[in-house]
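**Q** Quick one: the structure is below, questions incoming.
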Protein chains: 2
Amino acid sequence: MSRLDAQVEFLLTCDRLKAVTRTTLLHSGERAENSAEHSWHLALMALTLGEYAPPGTNLNRVMELLVVHDLVEVYAGDVHFDQSEASKEQQTQREAEAAARLFGQLPPDQREMFGAAWQEFEARQSPEARFARALDALQPMLLTWGPGGIGSAAHPELTLGRLLALKHPALKDFPELWELAQQTAARAVKAGIMPE
Amino acid sequence: MSRLDAQVEFLLTCDRLKAVTRTTLLHSGERAENSAEHSWHLALMALTLGEYAPPGTNLNRVMELLVVHDLVEVYAGDVHFDQSEASKEQQTQREAEAAARLFGQLPPDQREMFGAAWQEFEARQSPEARFARALDALQPMLLTWGPGGIGSAAHPELTLGRLLALKHPALKDFPELWELAQQTAARAVKAGIMPE
């Protein structure tokens with residue numbers, strides 16, 4: 001198989017990300033969001049909200065991480081952010097296997113490049129990964145409880161306290177975004193679409 | 001309205017791109033692709049196929065253009081690439097109005113930045129816009145007629161000659177990608193999913 005044929009095979013496998021359903025609904029509430037359009041929305045957020053990253057954050061790298069971050073779901077599926085520790089460990093194992101299988105379709109240099117981007121995102125260490133994860137934590141909040149949002153169909157029991165406790169680790173280092181998350185949750189309680 | 005509130009409003013308006021349906025089916029054939037997941041797939045293609053752009057092409061800019069290029073469809077809708085000149089002119093007018101309306105939701109500096117990216121893509125002049133448009137021309141061909149593809153449900157009458165004539169302007173300057181497009185069309189004819 002030629003190098004280009006392998007790249008095409010990879011790109012067509014990745015097409016399946018459009019069939020991976022998340023628990024978040026679109027802002028209209030019409031249907032669940034899928035992981036491909038979610039990844040696009042995050043890349044657009046990086047372009048729009050880049051000024052809230054610390055100076056020196058490489059926003060191009062943030063976009064790369066976001067385009068790649070959910071690819072392993074092609075084989076491993078998506079999971080909700082509020083899950084047990086045992087379930088988290090199982091998912092980590094599934095995703096590592098999925099990464100080997102998916103990126104293994106690429107030529108060796110690109111296998112390495114995509115694997116490194118995915119691992120950088122997972123490791124939450126670099127400024128770029130941390131900002132990417134903050135956007136990933138914020139986006140479903142905006143869709144679900146932002147202006148015009150209708151609340152969570154999948155998790156109507158989620159309280160303001162529980163939600164903010166879950167989101168705090170990803171958002172705490174970005175003051176404007178953390179403030180936005182808190183305002184968004186408070187508005188949802190006021191609108192009667194989230195228990196306090 | 002604060003700067004961040006305006007950015008959030010813009011991002012939630014852009015969520016509607018997930019409801020803009022294209023004529024291309026997913027590679028599985030299960031349903032039509034939408035413009036948001038299409039934009040993500042193109043950004044992934046820029047990461048994967050960047051080596052086929054001429055040296056010096058700024059691939060980060062290519063990704064930015066691709067993330068932004070379909071946004072005006074939020075108000076203007078999507079159109080098939082095989083359309084009349086009159087229909088093209090109407091669409092151009094609709095898209096210019098949509099751009100003013102959509103990017104007008106952003107703070108002035110970002111209104112300018114997003115408008116400039118969209119216009120750069122539309123103008124087809126910069127190396128980055130040309131490569132972005134080549135990927136945009138190639139992607140639906142791969143989904144529809146690439147390995148495992150099932151052919152075009154919306155345009156079963158499209159012949160190899162007509163398809164390649166329509167795709168040639170966008171792809172001719174990228175030899176490997178133009179070769180891939182020709183191979184893909186030839187395979188589709190051989191597989192009986194495209195008239196010759």
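If you're wondering about the labels, chains in the structure tokens are A, B, ... by order shown, residues count from 1 in each chain, ligands from 1 in order shown.
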Contacts from chain A to chain B, 6 Å maximum, only C-alpha atoms: show me the residue list as a PyMOL selection string.

**A** chain A and resi 36-37+40

**Q** Restricted to N, CA and C atoms, what would the selected residues look like written as an mmCIF file, in the first residue's frame?

**A**
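Once written, selection.cif looks like this:
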```
data_model
loop_
_atom_site.group_PDB
_atom_site.id
_atom_site.type_symbol
_atom_site.label_atom_id
_atom_site.label_comp_id
_atom_site.auth_asym_id
_atom_site.auth_seq_id
_atom_site.Cartn_x
_atom_site.Cartn_y
_atom_site.Cartn_z
ATOM 1 N N ALA A 36 -17.277 14.332 16.045
ATOM 2 C CA ALA A 36 -16.607 15.033 14.944
ATOM 3 C C ALA A 36 -16.993 16.514 14.945
ATOM 4 N N GLU A 37 -18.281 16.788 15.026
ATOM 5 C CA GLU A 37 -18.714 18.192 15.025
ATOM 6 C C GLU A 37 -18.319 18.885 16.322
ATOM 7 N N TRP A 40 -14.783 20.028 15.805
ATOM 8 C CA TRP A 40 -14.783 21.248 15.003
ATOM 9 C C TRP A 40 -15.132 22.464 15.855
#
```

**Q** Excluding same-chain residues fewer than 3 positions from Ala185 of chain A, what lies within 8 Å of it counting only C-alpha atoms, as a list in words?

**A**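 Final neighbour list, sorted by chain and number: Met141, Trp145, Leu160, Leu164, Ala181, Gln182, Ala188, Val189 and Met194 of chain A.
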
**Q** In Å, with one decimal, what is the gap from atom CA of Arg130 of chain B to atom CA of His168 of chain B?

**A**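 These two atoms are separated by 12.4 Å.
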
**Q** Which value, in Å to one decimal, gives the distance between atom CA of Ala99 of chain B and atom CA of Asp70 of chain B?

**A**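 We find that atom CA of Ala99 of chain B and atom CA of Asp70 of chain B lie 10.1 Å from each other.
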
**Q** Do you know which residues are at most 9 Å from Arg101 of chain B counting only C-alpha atoms, after dropping those on the same chain fewer than 5 positions away, and could you put them as a PyMOL selection string?

**A** chain B and resi 72+75+96

**Q** Using all heavy atoms, can you export the residues from the last selection as a compact mmCIF listing (two decimals), in the first residue's frame?

**A**
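As a result, result_3.txt now contains:
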```
# COMPACT_ATOMS: atom_id res chain seq x y z
N VAL B 72 -20.56 30.73 7.04
CA VAL B 72 -21.66 31.56 6.53
C VAL B 72 -22.89 30.73 6.19
O VAL B 72 -23.99 31.26 6.07
CB VAL B 72 -21.24 32.39 5.29
CG1 VAL B 72 -20.12 33.36 5.66
CG2 VAL B 72 -20.82 31.48 4.14
N TYR B 75 -26.38 30.87 7.96
CA TYR B 75 -27.50 31.68 7.45
C TYR B 75 -27.79 31.43 5.96
O TYR B 75 -28.91 31.64 5.51
CB TYR B 75 -27.21 33.18 7.64
CG TYR B 75 -27.14 33.61 9.09
CD1 TYR B 75 -26.05 34.31 9.58
CD2 TYR B 75 -28.19 33.32 9.97
CE1 TYR B 75 -26.00 34.73 10.91
CE2 TYR B 75 -28.14 33.72 11.30
CZ TYR B 75 -27.05 34.42 11.76
OH TYR B 75 -26.99 34.82 13.07
N ALA B 96 -22.41 36.70 1.24
CA ALA B 96 -21.85 37.98 1.68
C ALA B 96 -22.73 38.59 2.78
O ALA B 96 -22.22 39.11 3.78
CB ALA B 96 -21.73 38.93 0.49
```
